Amino acid sequence: MQTHREMNFDALVVGGGIAGLQAALDLADQNFKVAVVEKDASIGGKMIRLSKVFPTLDCASCITTPKMAASAHHENITLFTYCDLKSISRESDTVLAARVVQKPRYVEADKCIGCRQCEYGCPVHVPDPEQGNFSMRKAIYIPFSNAIPQIALMDVENCSLCGKCAKVCPTGAVNYFQQPEELVIRAKTAVLATGFRLTPLDQKPEYGKGKILNVISSLDMERLLAPHGPYQRVLRPSDGKEPDAIAYVQCAGSRDKTLGVSYCSRVCCMYAIKQAMLLSGALPLADITIYYMDIRAFGKGYEQFFQNAKAMGIEFVKAKIAKIEQADNQSVRLRYEDQEGAGAVMEREHDLVVLSLGMVPEWHPEGICPVGCDTDAFIRTPMSRLSPTLTDMEGVFVAGVAAGPKDIVDTIAEAGAAAMEASNYLNKLNKKAAA
Amino acid sequence: MNETDKKSQKEALKALRVQRKASIERARNAVKEQNKRVKAIVAALKDGAKTVPEIAAATGFSTPETLLYVATLKKYGRVGEGPKDGDYFKYELLESKAGA
Ligand SMILES: Cc1cc2nc3c(=O)[nH]c(=O)nc-3n(C[C@H](O)[C@H](O)[C@H](O)COP(=O)(O)OP(=O)(O)OC[C@H]3O[C@@H](n4cnc5c(N)ncnc54)[C@H](O)[C@@H]3O)c2cc1C
């Protein structure tokens with residue numbers, strides 16, 4: 001039987017990426033009670049899945065994990081992970097109600113100690129999207145090594161119900177009969193921090209529709225570069241070769257009206273440069289080429305970062321790639337117009353090609369929350385100049401990429417601003433109630 | 001857990017198995033196929049460390065599938081990375097059989 005719980009908080013944060021966690025921490029530090037609702041089994045969003053971050057090349061995990069842990073341990077923050085947000089509506093002038101279904105993990109959260117005995121014991125292997133599907137996990141698993149919370153979950157679609165996990169679990173945490181739990185979370189204010197996803201790898205017919213070996217997404221490359229990645233080094237996924245020639249195709253999903261993404265995703269130039277630098281560290285003999293339309297190095301220290309990359313020998317070729325094809329020996333052939341030379345059509349082959357795909361919203365509020373969206377589908381900010389975190393719904397604020405593509409620095413700044421707006425709103429409500 | 005609890009748990013599991021018949025069947029078949037691949041790769045590595053293309057040639061699996069399994073066996077501690085041979089790393093069996 002499905003269980004049902006109702007709870008009251010001062011603020012609701014939707015999305016436990018870096019934007020949501022920063023907003024939650026800033027509100028919780030001001031003594032407001034905060035609920036964070038996250039759809040994944042772990043908080044941390046994209047940032048915890050990155051290798052290092054531009055422009056400082058800090059290890060992403062080293063700077064994200066403390067924020068994740070601080071949120072998990074904060075006395076004023078309650079995390080709800082693995083949740084399906086069904087609706088957010090206004091119940092009264094002062095109350096918003098979120099209806100949420102917490103999906104069953106089939107593992108009891110208060111008993112699981114994250115020892116992974118169940119995972120080691122499970123006989124079923126399943127390709128792991130957390131690792132770009134380059135390696136496999138089990139049908140019962142800890143989401144990833146630096147996940148918070150470190151609680152296992154079972155993928156029932158792939159479970160053979162052999163009973164081994166329950167047998168090896170030292171705390172009796174496996175519960176095959178766990179049911180979804182319906183939650184009603186009431187709060188006076190909300191911050192939407194639902195972030196982004198990349199445009200699909202198989203979207204463009206001229207880029208091979210995702211069928212060409214060794215054409216991967218930029219987030220896949222983050223995994224290859226991460227210390228806990230699928231191979232723990234950079235190998236090409238078709239056969240384990242250490243690549244000699246790696247290319248980046250910029251604007252592979254942005255600034256492209258045919259894909260409905262006419263805007264610039266803002267961070268791709270910088271993350272491609274970052275990854276190129278990390279690759280030249282990991283593979284000092286490899287040739288790394290970035291095919292770009294123009295380089296947008298907009299933030300503090302970013303132009304210098306670009307210049308450093310050039311000085312390191314990374315090749316920048318001004319060209320929009322017209323076609324991507326499979327070549328011999330599992331290589332990838334790129335065809336482009338040589339814009340800085342004689343304008344001839346050129347062809348070059350690389351061992352591994354990374355598509356800098358576009359950023360699109362992860363969440364579409366339509367039918368779930370009556371908050372407006374812009375023509376680019378990101379959440380509308382009607383006062384984008386003076387109060388960029390205001391939405392068109394009173395008491396509901398937005399932070400991070402949910403409002404439009406941006407880097408981590410801008411995301412954190414915006415999350416702080418959203419928390420400030422939410423805190424002002426709460427103080428006003430509380431004053432009114434006291435009067 | 002007392003005897004009655006154990007019995008009702010068994011009954012409930014039985015009912016769950018009926019309810020999830022289709023996915024259980026799929027998972028069991030997947031395990032069989034996966035075990036065949038793991039066995040073949042382990043057998044190929046018994047006579048010495050090999051690169052992914054060498055393992056693929058020995059087992060008849062495609063190179064992308066071979067790497068997927070090798071990466072997984074490495075993650076669960078059954079295979080380790082050996083020395084480099086040209087552009088490829090060799091993989092070798094490890095003593096422990098944990099998890100894969
Ligand atoms: C390949 C790549 C590399 C990058 N490298 C860098 C870098 O080096 N430096 C840098 O500054 N920036 C980098 N970025 C940008 C960076 O990833 C973003 O700025 C940052 O992740 C934005 O954080 P966010 O919290 O707004 O969104 P996200 O990280 O997307 O987090 C959103 C969270 O909300 C959750 N969510 C979504 N919908 C719902 C829902 N309906 N209910 C509940 N939860 C929901 C998601 O599961 C997720 O946890 C990179 C981006 C890419 C694609």
# chains A, B, ... in the order shown; residues from 1 in each chain; ligands from 1
>>> residues_around(residues="stretch 400-415 of chain A", least_positions_apart="6", cutoff="8 Å", atoms="only C-alpha atoms", output="list of chain:residue names")
A:Ile18, A:Ala19, A:Gly20, A:Gln22, A:Ala23, A:Leu192, A:Ala193, A:Thr194, A:Gly195, A:Phe196, A:Ser265, A:Arg266, A:Val267, A:Met359, A:Val360, A:Pro361, A:Glu362, A:Trp363, A:Phe378, A:Ile379, A:Arg380, A:Thr381, A:Pro388, A:Thr389
>>> write_last_selection(atoms="C-alpha atoms", output="short mmCIF file (atom, residue, chain, number, x, y, z; two decimals), in the first residue's frame")
data_model
loop_
_atom_site.label_atom_id
_atom_site.label_comp_id
_atom_site.auth_asym_id
_atom_site.auth_seq_id
_atom_site.Cartn_x
_atom_site.Cartn_y
_atom_site.Cartn_z
CA ILE A 18 24.65 23.13 -7.27
CA ALA A 19 22.02 25.89 -7.71
CA GLY A 20 19.47 24.15 -5.49
CA GLN A 22 23.47 26.70 -2.64
CA ALA A 23 19.99 28.25 -2.35
CA LEU A 192 13.12 26.21 -8.87
CA ALA A 193 16.62 24.91 -9.68
CA THR A 194 15.93 22.13 -12.16
CA GLY A 195 18.96 22.69 -14.39
CA PHE A 196 19.52 21.27 -17.84
CA SER A 265 24.71 27.49 -24.58
CA ARG A 266 27.45 29.76 -23.16
CA VAL A 267 29.64 27.20 -21.43
CA MET A 359 21.89 22.84 -23.13
CA VAL A 360 18.10 22.52 -22.92
CA PRO A 361 15.89 22.63 -19.81
CA GLU A 362 15.69 19.38 -17.84
CA TRP A 363 12.21 20.19 -16.60
CA PHE A 378 13.78 27.99 -19.91
CA ILE A 379 11.82 29.47 -16.98
CA ARG A 380 10.76 33.07 -17.65
CA THR A 381 12.32 35.82 -15.57
CA PRO A 388 16.84 38.01 -12.41
CA THR A 389 15.58 35.31 -10.04
#
>>> interface_residues(of="chain A", to="chain B", cutoff="6 Å", atoms="only C-alpha atoms", output="PyMOL selection string")
chain A and resi 120-121+124+134-136+157-160+231+238-239+241-242
>>> write_last_selection(atoms="C-alpha atoms", output="compact mmCIF listing (two decimals), in the first residue's frame")
# COMPACT_ATOMS: atom_id res chain seq x y z
CA TYR A 120 28.95 -7.14 -5.48
CA GLY A 121 26.58 -10.05 -4.90
CA VAL A 124 22.86 -8.91 -13.27
CA PHE A 134 30.84 2.71 -21.15
CA SER A 135 30.78 0.28 -18.20
CA MET A 136 28.11 -1.62 -16.33
CA GLU A 157 13.18 -3.79 -14.47
CA ASN A 158 16.52 -5.61 -14.51
CA CYS A 159 16.22 -7.58 -11.27
CA SER A 160 15.95 -11.37 -11.51
CA TYR A 231 38.15 3.22 -17.67
CA SER A 238 35.11 1.31 -29.55
CA ASP A 239 38.21 -0.74 -28.71
CA LYS A 241 42.78 2.47 -27.93
CA GLU A 242 44.51 5.39 -26.24
>>> select_by_dssp(residues="stretch 228-382 of chain A", states="helix (DSSP H, G or I)", output="NGL selection string")
:A and (257-259 or 268-282 or 302-311 or 328-330)
>>> write_last_selection(atoms="N, CA and C atoms", output="compact mmCIF listing (two decimals), in the first residue's frame")
# COMPACT_ATOMS: atom_id res chain seq x y z
N LYS A 257 19.12 26.60 -35.69
CA LYS A 257 17.65 26.73 -35.76
C LYS A 257 16.99 25.42 -36.14
N THR A 258 17.71 24.57 -36.89
CA THR A 258 17.09 23.30 -37.32
C THR A 258 16.79 22.41 -36.10
N LEU A 259 17.51 22.64 -35.00
CA LEU A 259 17.28 21.84 -33.80
C LEU A 259 16.35 22.55 -32.81
N CYS A 268 30.00 25.96 -23.52
CA CYS A 268 30.64 24.90 -24.32
C CYS A 268 32.06 25.28 -24.76
N CYS A 269 32.27 26.56 -25.11
CA CYS A 269 33.62 26.96 -25.52
C CYS A 269 34.59 26.70 -24.37
N MET A 270 34.15 27.13 -23.18
CA MET A 270 35.06 27.03 -22.04
C MET A 270 35.26 25.58 -21.60
N TYR A 271 34.20 24.77 -21.62
CA TYR A 271 34.43 23.38 -21.17
C TYR A 271 35.21 22.58 -22.20
N ALA A 272 35.06 22.95 -23.50
CA ALA A 272 35.86 22.26 -24.52
C ALA A 272 37.35 22.60 -24.31
N ILE A 273 37.61 23.87 -24.04
CA ILE A 273 39.01 24.28 -23.79
C ILE A 273 39.54 23.58 -22.54
N LYS A 274 38.70 23.54 -21.50
CA LYS A 274 39.09 22.85 -20.26
C LYS A 274 39.42 21.38 -20.53
N GLN A 275 38.51 20.71 -21.22
CA GLN A 275 38.73 19.27 -21.49
C GLN A 275 39.97 19.08 -22.35
N ALA A 276 40.17 19.99 -23.33
CA ALA A 276 41.35 19.89 -24.19
C ALA A 276 42.62 19.99 -23.36
N MET A 277 42.62 20.92 -22.40
CA MET A 277 43.80 21.08 -21.52
C MET A 277 44.01 19.83 -20.68
N LEU A 278 42.91 19.29 -20.13
CA LEU A 278 43.04 18.08 -19.31
C LEU A 278 43.53 16.91 -20.15
N LEU A 279 43.06 16.86 -21.40
CA LEU A 279 43.49 15.78 -22.29
C LEU A 279 44.97 15.92 -22.61
N SER A 280 45.42 17.16 -22.83
CA SER A 280 46.85 17.26 -23.17
C SER A 280 47.71 16.92 -21.96
N GLY A 281 47.14 17.06 -20.75
CA GLY A 281 47.86 16.58 -19.56
C GLY A 281 47.85 15.06 -19.50
N ALA A 282 46.70 14.47 -19.78
CA ALA A 282 46.56 13.00 -19.66
C ALA A 282 47.24 12.28 -20.82
N TYR A 302 38.63 33.99 -18.27
CA TYR A 302 38.35 33.02 -19.32
C TYR A 302 39.18 33.26 -20.58
N GLU A 303 39.39 34.53 -20.94
CA GLU A 303 40.18 34.83 -22.14
C GLU A 303 41.62 34.30 -21.93
N GLN A 304 42.13 34.51 -20.72
CA GLN A 304 43.49 34.02 -20.41
C GLN A 304 43.54 32.50 -20.53
N PHE A 305 42.48 31.86 -20.07
CA PHE A 305 42.36 30.40 -20.13
C PHE A 305 42.45 29.94 -21.59
N PHE A 306 41.76 30.65 -22.47
CA PHE A 306 41.77 30.36 -23.91
C PHE A 306 43.19 30.56 -24.47
N GLN A 307 43.81 31.66 -24.09
CA GLN A 307 45.17 31.93 -24.58
C GLN A 307 46.14 30.85 -24.09
N ASN A 308 45.96 30.43 -22.83
CA ASN A 308 46.83 29.37 -22.28
C ASN A 308 46.69 28.09 -23.10
N ALA A 309 45.43 27.79 -23.49
CA ALA A 309 45.19 26.56 -24.26
C ALA A 309 45.94 26.64 -25.59
N LYS A 310 45.87 27.80 -26.23
CA LYS A 310 46.58 27.96 -27.51
C LYS A 310 48.08 27.78 -27.31
N ALA A 311 48.57 28.37 -26.21
CA ALA A 311 50.01 28.28 -25.94
C ALA A 311 50.42 26.83 -25.65
N ASP A 328 37.92 4.38 -41.77
CA ASP A 328 38.53 3.07 -41.51
C ASP A 328 39.12 3.04 -40.10
N ASN A 329 39.36 1.85 -39.61
CA ASN A 329 39.99 1.63 -38.30
C ASN A 329 39.25 2.32 -37.16
N GLN A 330 37.93 2.40 -37.29
CA GLN A 330 37.08 2.98 -36.25
C GLN A 330 37.37 4.46 -35.99
>>> closest_residue(among="A:Pro365, A:Pro170, A:Gly343, A:Pro180", to="A:Pro104", atoms="only C-alpha atoms")
A:Pro180
>>> residues_around(residues="B:Ile55", least_positions_apart="6", cutoff="8 Å", atoms="only C-alpha atoms", output="ChimeraX atom specification")
/B:41,44-45,66
>>> select_by_dssp(residues="stretch 54-200 of chain A", states="strand (DSSP E or B)", output="PyMOL selection string")
chain A and resi 58-59+77-80+83-90+96-102+107+125-127+136-138+140-141+153-154+174+181-187+189-192+196-198
>>> write_last_selection(atoms="C-alpha atoms", output="mmCIF file, in the first residue's frame")
data_model
loop_
_atom_site.group_PDB
_atom_site.id
_atom_site.type_symbol
_atom_site.label_atom_id
_atom_site.label_comp_id
_atom_site.auth_asym_id
_atom_site.auth_seq_id
_atom_site.Cartn_x
_atom_site.Cartn_y
_atom_site.Cartn_z
ATOM 1 C CA ASP A 58 39.668 22.539 -9.368
ATOM 2 C CA CYS A 59 38.577 18.935 -8.962
ATOM 3 C CA ILE A 77 17.545 20.994 5.456
ATOM 4 C CA THR A 78 15.594 17.835 4.630
ATOM 5 C CA LEU A 79 16.573 16.069 1.425
ATOM 6 C CA PHE A 80 14.039 14.074 -0.561
ATOM 7 C CA CYS A 83 11.350 11.849 -6.254
ATOM 8 C CA ASP A 84 8.816 12.515 -8.934
ATOM 9 C CA LEU A 85 7.366 16.015 -8.651
ATOM 10 C CA LYS A 86 3.704 15.770 -9.608
ATOM 11 C CA SER A 87 2.533 19.323 -8.999
ATOM 12 C CA ILE A 88 3.196 22.620 -7.299
ATOM 13 C CA SER A 89 0.164 24.777 -6.703
ATOM 14 C CA ARG A 90 -0.860 27.702 -4.575
ATOM 15 C CA LEU A 96 2.404 26.517 -1.817
ATOM 16 C CA ALA A 97 1.798 22.772 -1.913
ATOM 17 C CA ALA A 98 4.018 20.327 -3.777
ATOM 18 C CA ARG A 99 2.741 16.847 -4.464
ATOM 19 C CA VAL A 100 5.649 14.466 -4.763
ATOM 20 C CA VAL A 101 5.982 10.725 -5.145
ATOM 21 C CA GLN A 102 9.121 9.298 -3.579
ATOM 22 C CA VAL A 107 16.320 -0.656 0.119
ATOM 23 C CA HIS A 125 24.929 -6.370 -15.192
ATOM 24 C CA VAL A 126 23.253 -3.271 -16.639
ATOM 25 C CA PRO A 127 24.900 -0.564 -18.797
ATOM 26 C CA MET A 136 28.111 -1.616 -16.330
ATOM 27 C CA ARG A 137 26.605 -1.471 -12.877
ATOM 28 C CA LYS A 138 24.467 -4.115 -11.216
ATOM 29 C CA ILE A 140 21.131 -3.190 -7.249
ATOM 30 C CA TYR A 141 23.712 -0.448 -6.880
ATOM 31 C CA LEU A 153 18.696 1.233 -4.965
ATOM 32 C CA MET A 154 17.262 -1.586 -6.986
ATOM 33 C CA VAL A 174 16.747 -4.915 1.150
ATOM 34 C CA GLU A 181 5.405 7.167 -0.859
ATOM 35 C CA GLU A 182 3.123 10.118 -1.547
ATOM 36 C CA LEU A 183 4.386 13.327 -0.005
ATOM 37 C CA VAL A 184 2.651 16.659 0.306
ATOM 38 C CA ILE A 185 5.270 19.295 1.032
ATOM 39 C CA ARG A 186 3.859 22.655 2.045
ATOM 40 C CA ALA A 187 6.045 25.733 2.039
ATOM 41 C CA THR A 189 8.131 29.983 -0.907
ATOM 42 C CA ALA A 190 9.896 27.919 -3.562
ATOM 43 C CA VAL A 191 13.126 28.055 -5.561
ATOM 44 C CA LEU A 192 13.123 26.209 -8.870
ATOM 45 C CA PHE A 196 19.521 21.268 -17.842
ATOM 46 C CA ARG A 197 20.148 18.271 -20.009
ATOM 47 C CA LEU A 198 22.160 18.090 -23.215
#
>>> residues_around(residues="A:Ile48", least_positions_apart="2", cutoff="6 Å", atoms="only C-alpha atoms", output="list of chain:residue names")
A:Gly44, A:Lys46, A:Leu50, A:Ser61, A:Thr64
>>> write_last_selection(atoms="N, CA, C and O atoms", output="mmCIF file, in the first residue's frame")
data_model
loop_
_atom_site.group_PDB
_atom_site.id
_atom_site.type_symbol
_atom_site.label_atom_id
_atom_site.label_comp_id
_atom_site.auth_asym_id
_atom_site.auth_seq_id
_atom_site.Cartn_x
_atom_site.Cartn_y
_atom_site.Cartn_z
ATOM 1 N N GLY A 44 23.561 16.705 -6.178
ATOM 2 C CA GLY A 44 24.856 17.086 -6.785
ATOM 3 C C GLY A 44 24.738 17.552 -8.225
ATOM 4 O O GLY A 44 25.625 18.240 -8.731
ATOM 5 N N LYS A 46 24.758 18.108 -12.243
ATOM 6 C CA LYS A 46 25.816 17.844 -13.232
ATOM 7 C C LYS A 46 27.193 18.029 -12.613
ATOM 8 O O LYS A 46 28.144 17.355 -12.974
ATOM 9 N N LEU A 50 31.178 16.089 -13.104
ATOM 10 C CA LEU A 50 32.256 16.667 -13.927
ATOM 11 C C LEU A 50 33.609 16.185 -13.413
ATOM 12 O O LEU A 50 33.726 15.710 -12.283
ATOM 13 N N SER A 61 34.641 17.152 -7.869
ATOM 14 C CA SER A 61 34.155 16.408 -6.715
ATOM 15 C C SER A 61 34.622 17.080 -5.416
ATOM 16 O O SER A 61 33.859 17.170 -4.448
ATOM 17 N N THR A 64 32.393 20.096 -4.885
ATOM 18 C CA THR A 64 30.934 19.858 -4.812
ATOM 19 C C THR A 64 30.586 19.024 -3.583
ATOM 20 O O THR A 64 29.567 19.271 -2.927
#
>>> atom_distance(atom1="atom CA of A:Lys323", atom2="atom CA of A:Asn214")
14.8 Å
